[in-house]
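Trainee: File target20.cif below, mmCIF, C-alpha atoms; chains and numbers go by the auth columns:
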data_run
loop_
_atom_site.group_PDB
_atom_site.id
_atom_site.type_symbol
_atom_site.label_atom_id
_atom_site.label_comp_id
_atom_site.label_asym_id
_atom_site.label_seq_id
_atom_site.Cartn_x
_atom_site.Cartn_y
_atom_site.Cartn_z
_atom_site.B_iso_or_equiv
_atom_site.auth_seq_id
_atom_site.auth_asym_id
ATOM 1 C CA PRO A 1 30.495 -33.236 -18.869 0.00 1 A
ATOM 2 C CA ASP A 2 27.152 -31.605 -17.982 0.00 2 A
ATOM 3 C CA SER A 3 28.612 -29.517 -15.206 0.00 3 A
ATOM 4 C CA VAL A 4 31.875 -28.652 -13.530 0.00 4 A
ATOM 5 C CA SER A 5 32.433 -28.392 -9.767 0.00 5 A
ATOM 6 C CA ARG A 6 34.342 -25.283 -8.806 0.00 6 A
ATOM 7 C CA CYS A 7 34.441 -23.170 -5.664 0.00 7 A
ATOM 8 C CA VAL A 8 33.873 -19.517 -4.934 0.00 8 A
ATOM 9 C CA ALA A 9 36.146 -17.794 -2.456 0.00 9 A
ATOM 10 C CA SER A 10 36.490 -14.219 -1.346 0.00 10 A
ATOM 11 C CA VAL A 11 39.467 -12.328 -2.734 0.00 11 A
ATOM 12 C CA ARG A 12 41.298 -9.832 -0.550 0.00 12 A
ATOM 13 C CA ILE A 13 44.374 -8.099 -1.994 0.00 13 A
ATOM 14 C CA ARG A 14 44.697 -10.691 -4.759 0.00 14 A
ATOM 15 C CA LYS A 15 44.726 -13.588 -2.297 0.00 15 A
ATOM 16 C CA LEU A 16 41.968 -15.998 -1.445 0.00 16 A
ATOM 17 C CA THR A 17 40.770 -15.517 2.110 0.00 17 A
ATOM 18 C CA ALA A 18 38.520 -17.414 4.491 0.00 18 A
ATOM 19 C CA HIS A 19 37.255 -14.161 6.045 0.00 19 A
ATOM 20 C CA PRO A 20 35.453 -12.160 3.374 0.00 20 A
ATOM 21 C CA ALA A 21 34.491 -8.565 3.942 0.00 21 A
ATOM 22 C CA LEU A 22 30.987 -7.327 3.136 0.00 22 A
ATOM 23 C CA GLY A 23 30.847 -6.645 -0.578 0.00 23 A
ATOM 24 C CA ALA A 24 34.239 -8.276 -1.188 0.00 24 A
ATOM 25 C CA ALA A 25 35.151 -9.563 -4.615 0.00 25 A
ATOM 26 C CA VAL A 26 34.906 -13.300 -5.247 0.00 26 A
ATOM 27 C CA ALA A 27 36.720 -15.574 -7.642 0.00 27 A
ATOM 28 C CA LEU A 28 36.349 -19.105 -8.951 0.00 28 A
ATOM 29 C CA THR A 29 39.050 -21.355 -7.642 0.00 29 A
ATOM 30 C CA ASP A 30 39.864 -24.926 -6.801 0.00 30 A
ATOM 31 C CA CYS A 31 37.948 -26.130 -3.779 0.00 31 A
ATOM 32 C CA ALA A 32 39.537 -25.520 -0.382 0.00 32 A
ATOM 33 C CA SER A 33 38.218 -25.579 3.181 0.00 33 A
ATOM 34 C CA TYR A 34 37.356 -21.871 3.117 0.00 34 A
ATOM 35 C CA ALA A 35 35.641 -21.853 -0.274 0.00 35 A
ATOM 36 C CA SER A 36 31.969 -22.345 -1.089 0.00 36 A
ATOM 37 C CA ASN A 37 31.273 -25.179 -3.476 0.00 37 A
ATOM 38 C CA VAL A 38 29.233 -24.074 -6.477 0.00 38 A
ATOM 39 C CA ARG A 39 28.112 -26.004 -9.483 0.00 39 A
ATOM 40 C CA LEU A 40 28.451 -24.374 -12.869 0.00 40 A
ATOM 41 C CA LEU A 41 25.549 -25.289 -15.113 0.00 41 A
ATOM 42 C CA TYR A 42 25.039 -25.075 -18.797 0.00 42 A
ATOM 43 C CA GLU A 43 22.149 -22.802 -19.707 0.00 43 A
ATOM 44 C CA THR A 44 19.916 -25.653 -20.906 0.00 44 A
ATOM 45 C CA GLU A 45 20.360 -27.446 -17.586 0.00 45 A
ATOM 46 C CA PHE A 46 19.577 -24.264 -15.673 0.00 46 A
ATOM 47 C CA LEU A 47 16.421 -23.611 -17.703 0.00 47 A
ATOM 48 C CA ARG A 48 15.237 -27.202 -17.181 0.00 48 A
ATOM 49 C CA ASP A 49 15.717 -26.923 -13.394 0.00 49 A
ATOM 50 C CA ARG A 50 14.046 -23.508 -13.314 0.00 50 A
ATOM 51 C CA ALA A 51 11.055 -24.784 -15.276 0.00 51 A
ATOM 52 C CA ALA A 52 10.653 -27.635 -12.781 0.00 52 A
ATOM 53 C CA LEU A 53 10.524 -25.165 -9.911 0.00 53 A
ATOM 54 C CA MET A 54 7.998 -22.931 -11.659 0.00 54 A
ATOM 55 C CA MET A 55 5.539 -25.702 -12.413 0.00 55 A
ATOM 56 C CA PRO A 56 2.832 -26.246 -9.816 0.00 56 A
ATOM 57 C CA SER A 57 3.276 -29.562 -8.120 0.00 57 A
ATOM 58 C CA ASN A 58 0.450 -32.068 -8.062 0.00 58 A
ATOM 59 C CA ASN A 59 2.350 -34.141 -5.552 0.00 59 A
ATOM 60 C CA VAL A 60 0.672 -33.552 -2.176 0.00 60 A
ATOM 61 C CA SER A 61 3.512 -35.284 -0.325 0.00 61 A
ATOM 62 C CA CYS A 62 6.146 -32.878 -1.664 0.00 62 A
ATOM 63 C CA ASP A 63 7.976 -31.220 1.227 0.00 63 A
ATOM 64 C CA PHE A 64 10.229 -29.002 -0.899 0.00 64 A
ATOM 65 C CA PRO A 65 9.490 -25.294 -0.198 0.00 65 A
ATOM 66 C CA ALA A 66 8.865 -24.453 -3.850 0.00 66 A
ATOM 67 C CA CYS A 67 6.315 -27.235 -4.388 0.00 67 A
ATOM 68 C CA GLY A 68 3.099 -25.594 -5.404 0.00 68 A
ATOM 69 C CA ALA A 69 4.484 -22.089 -4.896 0.00 69 A
ATOM 70 C CA ASN A 70 2.868 -20.903 -8.082 0.00 70 A
ATOM 71 C CA LYS A 71 -0.537 -22.473 -7.612 0.00 71 A
ATOM 72 C CA ARG A 72 -3.149 -19.966 -8.492 0.00 72 A
ATOM 73 C CA PRO A 73 -6.453 -19.787 -6.697 0.00 73 A
ATOM 74 C CA PRO A 74 -9.492 -20.219 -8.908 0.00 74 A
ATOM 75 C CA MET A 75 -10.669 -17.078 -10.642 0.00 75 A
ATOM 76 C CA ALA A 76 -13.378 -15.172 -8.840 0.00 76 A
ATOM 77 C CA LYS A 77 -16.754 -15.411 -10.501 0.00 77 A
ATOM 78 C CA LEU A 78 -18.208 -12.096 -11.516 0.00 78 A
ATOM 79 C CA LEU A 79 -21.733 -11.327 -10.439 0.00 79 A
ATOM 80 C CA PRO A 80 -24.298 -10.877 -13.164 0.00 80 A
ATOM 81 C CA GLU A 81 -24.823 -7.197 -13.930 0.00 81 A
ATOM 82 C CA SER A 82 -28.353 -7.386 -12.501 0.00 82 A
ATOM 83 C CA GLU A 83 -26.962 -8.386 -9.077 0.00 83 A
ATOM 84 C CA VAL A 84 -24.281 -5.691 -8.872 0.00 84 A
ATOM 85 C CA LYS A 85 -25.267 -3.020 -6.361 0.00 85 A
ATOM 86 C CA ARG A 86 -24.087 0.283 -7.758 0.00 86 A
ATOM 87 C CA CYS A 87 -23.757 3.433 -5.756 0.00 87 A
ATOM 88 C CA GLN A 88 -26.815 5.562 -6.486 0.00 88 A
ATOM 89 C CA ASN A 89 -25.926 8.531 -4.299 0.00 89 A
ATOM 90 C CA LEU A 90 -22.240 9.296 -3.866 0.00 90 A
ATOM 91 C CA SER A 91 -22.722 10.878 -0.459 0.00 91 A
ATOM 92 C CA GLU A 92 -24.228 7.638 0.858 0.00 92 A
ATOM 93 C CA CYS A 93 -21.399 5.348 -0.227 0.00 93 A
ATOM 94 C CA LEU A 94 -18.168 7.403 -0.015 0.00 94 A
ATOM 95 C CA THR A 95 -16.603 8.976 3.074 0.00 95 A
ATOM 96 C CA VAL A 96 -13.557 11.227 3.121 0.00 96 A
ATOM 97 C CA VAL A 97 -11.143 10.566 5.991 0.00 97 A
ATOM 98 C CA VAL A 98 -8.724 13.362 6.863 0.00 98 A
ATOM 99 C CA LYS A 99 -5.973 13.446 9.476 0.00 99 A
ATOM 100 C CA THR A 100 -4.879 16.965 10.339 0.00 100 A
ATOM 101 C CA ALA A 101 -2.395 18.480 12.742 0.00 101 A
ATOM 102 C CA ARG A 102 -4.194 21.531 14.094 0.00 102 A
ATOM 103 C CA ARG A 103 -5.019 22.920 10.641 0.00 103 A
ATOM 104 C CA PRO A 104 -8.814 23.223 10.511 0.00 104 A
ATOM 105 C CA LEU A 105 -8.758 26.007 7.921 0.00 105 A
ATOM 106 C CA LEU A 106 -7.111 23.655 5.417 0.00 106 A
ATOM 107 C CA VAL A 107 -9.790 21.047 6.154 0.00 107 A
ATOM 108 C CA LEU A 108 -12.442 23.683 5.418 0.00 108 A
ATOM 109 C CA ARG A 109 -10.717 24.520 2.129 0.00 109 A
ATOM 110 C CA LEU A 110 -10.811 20.801 1.212 0.00 110 A
ATOM 111 C CA ALA A 111 -14.500 20.528 2.159 0.00 111 A
ATOM 112 C CA GLN A 112 -15.307 23.600 0.073 0.00 112 A
ATOM 113 C CA SER A 113 -13.431 22.204 -2.930 0.00 113 A
ATOM 114 C CA ILE A 114 -15.435 18.963 -2.695 0.00 114 A
ATOM 115 C CA ARG A 115 -18.678 20.942 -2.501 0.00 115 A
ATOM 116 C CA THR A 116 -17.687 23.097 -5.485 0.00 116 A
ATOM 117 C CA VAL A 117 -16.441 20.317 -7.764 0.00 117 A
ATOM 118 C CA LEU A 118 -18.993 17.599 -6.957 0.00 118 A
ATOM 119 C CA ARG A 119 -21.877 20.012 -6.308 0.00 119 A
ATOM 120 C CA GLN A 120 -22.619 18.049 -3.156 0.00 120 A
ATOM 121 C CA ASP A 121 -21.115 17.393 0.237 0.00 121 A
ATOM 122 C CA LEU A 122 -19.458 14.098 1.076 0.00 122 A
ATOM 123 C CA PRO A 123 -19.325 12.843 4.645 0.00 123 A
ATOM 124 C CA MET A 124 -15.963 13.749 6.153 0.00 124 A
ATOM 125 C CA ILE A 125 -14.332 12.360 9.254 0.00 125 A
ATOM 126 C CA VAL A 126 -11.559 14.631 10.470 0.00 126 A
ATOM 127 C CA ILE A 127 -9.156 13.513 13.181 0.00 127 A
ATOM 128 C CA ASP A 128 -7.180 16.420 14.654 0.00 128 A
ATOM 129 C CA ASP A 129 -4.306 16.422 17.119 0.00 129 A
ATOM 130 C CA GLY A 130 -5.395 17.584 20.560 0.00 130 A
ATOM 131 C CA PRO A 131 -5.971 18.002 23.324 0.00 131 A
ATOM 132 C CA THR A 132 -6.712 21.740 23.170 0.00 132 A
ATOM 133 C CA PRO A 133 -9.969 22.645 21.386 0.00 133 A
ATOM 134 C CA HIS A 134 -9.927 25.264 18.643 0.00 134 A
ATOM 135 C CA PRO A 135 -11.281 28.774 19.255 0.00 135 A
ATOM 136 C CA PRO A 136 -15.074 29.125 18.900 0.00 136 A
ATOM 137 C CA ASP A 137 -14.843 31.315 15.788 0.00 137 A
ATOM 138 C CA ILE A 138 -12.952 28.578 13.911 0.00 138 A
ATOM 139 C CA MET A 139 -15.315 25.863 15.110 0.00 139 A
ATOM 140 C CA SER A 140 -18.287 27.965 13.969 0.00 140 A
ATOM 141 C CA HIS A 141 -16.834 27.824 10.438 0.00 141 A
ATOM 142 C CA VAL A 142 -16.509 24.039 10.756 0.00 142 A
ATOM 143 C CA ALA A 143 -20.133 23.848 11.952 0.00 143 A
ATOM 144 C CA ARG A 144 -21.293 25.350 8.635 0.00 144 A
ATOM 145 C CA PHE A 145 -20.422 21.994 7.059 0.00 145 A
ATOM 146 C CA SER A 146 -22.870 19.557 8.598 0.00 146 A
ATOM 147 C CA ASN A 147 -21.165 16.711 6.745 0.00 147 A
ATOM 148 C CA ILE A 148 -17.940 17.086 8.789 0.00 148 A
ATOM 149 C CA LYS A 149 -17.473 15.028 11.910 0.00 149 A
ATOM 150 C CA TYR A 150 -14.557 16.823 13.577 0.00 150 A
ATOM 151 C CA VAL A 151 -12.805 14.846 16.312 0.00 151 A
ATOM 152 C CA VAL A 152 -10.077 16.404 18.457 0.00 152 A
ATOM 153 C CA ALA A 153 -7.814 13.669 19.805 0.00 153 A
ATOM 154 C CA GLU A 154 -6.762 13.399 23.414 0.00 154 A
ATOM 155 C CA LYS A 155 -3.048 13.353 22.511 0.00 155 A
ATOM 156 C CA ASP A 156 -0.805 16.191 21.429 0.00 156 A
ATOM 157 C CA ASP A 157 0.734 14.349 18.463 0.00 157 A
ATOM 158 C CA LEU A 158 -1.389 11.398 17.394 0.00 158 A
ATOM 159 C CA GLY A 159 0.593 10.633 14.238 0.00 159 A
ATOM 160 C CA ILE A 160 -0.641 10.131 10.687 0.00 160 A
ATOM 161 C CA SER A 161 -1.131 6.366 10.874 0.00 161 A
ATOM 162 C CA GLU A 162 -3.018 6.271 14.161 0.00 162 A
ATOM 163 C CA GLY A 163 -5.125 9.260 13.146 0.00 163 A
ATOM 164 C CA ARG A 164 -6.127 7.734 9.831 0.00 164 A
ATOM 165 C CA MET A 165 -6.889 4.375 11.427 0.00 165 A
ATOM 166 C CA ARG A 166 -9.180 6.069 13.962 0.00 166 A
ATOM 167 C CA GLY A 167 -10.970 7.797 11.133 0.00 167 A
ATOM 168 C CA VAL A 168 -11.297 4.601 9.091 0.00 168 A
ATOM 169 C CA ARG A 169 -12.804 2.786 12.102 0.00 169 A
ATOM 170 C CA MET A 170 -15.551 5.424 12.179 0.00 170 A
ATOM 171 C CA VAL A 171 -16.508 4.991 8.513 0.00 171 A
ATOM 172 C CA THR A 172 -19.960 3.494 7.951 0.00 172 A
ATOM 173 C CA SER A 173 -20.146 3.868 4.163 0.00 173 A
ATOM 174 C CA LYS A 174 -19.179 1.188 1.680 0.00 174 A
ATOM 175 C CA TYR A 175 -16.125 3.113 0.461 0.00 175 A
ATOM 176 C CA PHE A 176 -13.722 5.662 1.903 0.00 176 A
ATOM 177 C CA VAL A 177 -10.795 7.722 0.694 0.00 177 A
ATOM 178 C CA ASN A 178 -7.885 9.072 2.762 0.00 178 A
ATOM 179 C CA LEU A 179 -6.993 12.643 1.884 0.00 179 A
ATOM 180 C CA ASP A 180 -4.446 14.982 3.413 0.00 180 A
ATOM 181 C CA ASP A 181 -5.681 18.201 4.959 0.00 181 A
ATOM 182 C CA ASP A 182 -3.838 20.282 2.357 0.00 182 A
ATOM 183 C CA ASN A 183 -5.440 18.493 -0.609 0.00 183 A
ATOM 184 C CA VAL A 184 -7.862 20.314 -2.879 0.00 184 A
ATOM 185 C CA VAL A 185 -10.278 18.461 -5.122 0.00 185 A
ATOM 186 C CA THR A 186 -10.218 19.513 -8.769 0.00 186 A
ATOM 187 C CA LYS A 187 -12.505 18.770 -11.699 0.00 187 A
ATOM 188 C CA TRP A 188 -10.283 15.789 -12.612 0.00 188 A
ATOM 189 C CA TRP A 189 -11.075 13.990 -9.330 0.00 189 A
ATOM 190 C CA ASP A 190 -13.613 11.376 -10.401 0.00 190 A
ATOM 191 C CA ALA A 191 -15.101 10.255 -7.092 0.00 191 A
ATOM 192 C CA ALA A 192 -17.920 8.401 -8.833 0.00 192 A
ATOM 193 C CA LYS A 193 -15.399 6.261 -10.738 0.00 193 A
ATOM 194 C CA MET A 194 -13.842 5.174 -7.427 0.00 194 A
ATOM 195 C CA THR A 195 -17.137 3.682 -6.301 0.00 195 A
ATOM 196 C CA GLU A 196 -17.924 1.743 -9.471 0.00 196 A
#
Show how you would write the structure in this file as structure tokens.
Mentor:
Amino acid sequence: PDSVSRCVASVRIRKLTAHPALGAAVALTDCASYASNVRLLYETEFLRDRAALMMPSNNVSCDFPACGANKRPPMAKLLPESEVKRCQNLSECLTVVVKTARRPLLVLRLAQSIRTVLRQDLPMIVIDDGPTPHPPDIMSHVARFSNIKYVVAEKDDLGISEGRMRGVRMVTSKYFVNLDDDNVVTKWWDAAKMTE
């Protein structure tokens, strides 16, 4: 025969049981009211059935969930090289978004590392937990970087996700990158490659 009908039942202390425990062992047995009917297939039969499920269906009236599950959308057409708009000036097309938790000195270290490695400033949007403003001496250091838009939130603990989303909503450039306040850019950070 092509297949054999058997049943699977949970085994508890070497006895079949109708009340299986989570992670309980199962065994093949004769069918009973508390067993699950399974159909044992030969490998060739299994592979044939699997292949039928994997093939995209051309039947528009098919109501089986797997019908057309593997249909692929048409490939995107690439623009001709002459129509591709490349980033000419990195500072015009890439913004750094940083969420910090009252650590402006680390943000300044990050900004300085970007300036040193790229030999230019990138626009930075910094979202800081609030509501208390930083002392004037610290903010005067931040003011030395005209590329930093430093926003102190109205809440004490804004959270990483909400802070980053606020920063992303403020981005006007074509591309952005989320960095942590304790990141430092090194010579291996290829910002230009990210915008290609």
Trainee: Please indicate the distance in Å from CA of Asp129 in chain A to CA of Val96 in chain A, rounded to one decimal place.
Mentor: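 Value for the CA of Asp129 in chain A-CA of Val96 in chain A distance: 17.6 Å.
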Trainee: Dig up all the protein and nucleic acid residues within 8 Å of (-10.0, 17.7, 3.2) in the file frame, using only C-alpha atoms, and format them as a list of chain:residue names.
Mentor: A:Val96, A:Val97, A:Val98, A:Leu106, A:Val107, A:Leu108, A:Arg109, A:Leu110, A:Ala111, A:Met124, A:Leu179, A:Asp180, A:Asp181, A:Asp182, A:Asn183, A:Val184
Trainee: Go ahead and save the residues from that selection, with C-alpha atoms, as a tab-separated table (two decimals), keeping the file's coordinate frame.
Mentor:
chain	number	residue	atom	x	y	z
A	96	VAL	CA	-13.56	11.23	3.12
A	97	VAL	CA	-11.14	10.57	5.99
A	98	VAL	CA	-8.72	13.36	6.86
A	106	LEU	CA	-7.11	23.66	5.42
A	107	VAL	CA	-9.79	21.05	6.15
A	108	LEU	CA	-12.44	23.68	5.42
A	109	ARG	CA	-10.72	24.52	2.13
A	110	LEU	CA	-10.81	20.80	1.21
A	111	ALA	CA	-14.50	20.53	2.16
A	124	MET	CA	-15.96	13.75	6.15
A	179	LEU	CA	-6.99	12.64	1.88
A	180	ASP	CA	-4.45	14.98	3.41
A	181	ASP	CA	-5.68	18.20	4.96
A	182	ASP	CA	-3.84	20.28	2.36
A	183	ASN	CA	-5.44	18.49	-0.61
A	184	VAL	CA	-7.86	20.31	-2.88
Trainee: Nearest to Leu90 in chain A: which of A:Ser161, A:Gln112, A:Asn147, A:Gln120 is it, counting only C-alpha atoms?
Mentor: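 For Leu90 in chain A, the nearest of the candidates is A:Gln120.
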Trainee: So, with all atoms listed in the file as the atoms that count, which of A:Thr132, A:Thr116, A:Thr186, A:Gln88 lies closest to Val151 in chain A?
Mentor: A:Thr132
Trainee: Rounded to one decimal, what separation in Å do you get between CA of Thr195 in chain A and CA of Arg103 in chain A?
Mentor: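 Computed distance, CA of Thr195 in chain A to CA of Arg103 in chain A, equals 28.4 Å.
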Trainee: What gap, in Å, lies between CA of Ile148 in chain A and CA of Trp188 in chain A?
Mentor: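 CA of Ile148 in chain A sits 22.8 Å away from CA of Trp188 in chain A.
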Trainee: Residues within 8 Å of Asp156 in chain A, please, as a PyMOL selection string. Count all atoms listed in the file; anything in the same chain fewer than 3 positions from it doesn't count.
Mentor: chain A and resi 129-131+153
Trainee: So, counting only C-alpha atoms, which residue among A:Val142, A:Leu79, A:Met194, A:Val152 is closest to Ile127 in chain A?
Mentor: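 For Ile127 in chain A, the nearest of the candidates is A:Val152.
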Trainee: Selected by the PyMOL selection byres ((chain A and resi 93) around 12) in the shown coordinates: which residues, as a list in words?
Mentor: Lys85, Arg86, Cys87, Gln88, Asn89, Leu90, Ser91, Glu92, Leu94, Thr95, Val96, Leu122, Pro123, Met124, Val171, Thr172, Ser173, Lys174, Tyr175, Phe176, Val177, Ala191, Ala192, Met194, Thr195 and Glu196 of chain A
Trainee: Applied to the shown file, which residues does the PyMOL selection byres ((chain A and resi 163-166) around 8) return, written as number ranges by chain?
Mentor: A: 97-99, 127-128, 158-162, 167-170, 178
Trainee: Which residue, A:Lys187, A:Arg102, A:Arg119, A:Lys77, has the smallest gap to Pro133 in chain A when you use all atoms listed in the file?
Mentor: A:Arg102
Trainee: So which one's closest to Val126 in chain A, A:Pro80, A:Lys149, A:Met75, A:Leu47? Using all atoms listed in the file, please.
Mentor: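 Smallest separation from Val126 in chain A among the options: A:Lys149.
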Trainee: Check the smallest atom-to-atom distance from each of A:Asp137, A:Glu43, A:Glu154, A:Asp190 to Leu105 in chain A using all atoms listed in the file, then report the winner.
Mentor: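 Answer, going by the shortest atom-to-atom distance: A:Asp137.
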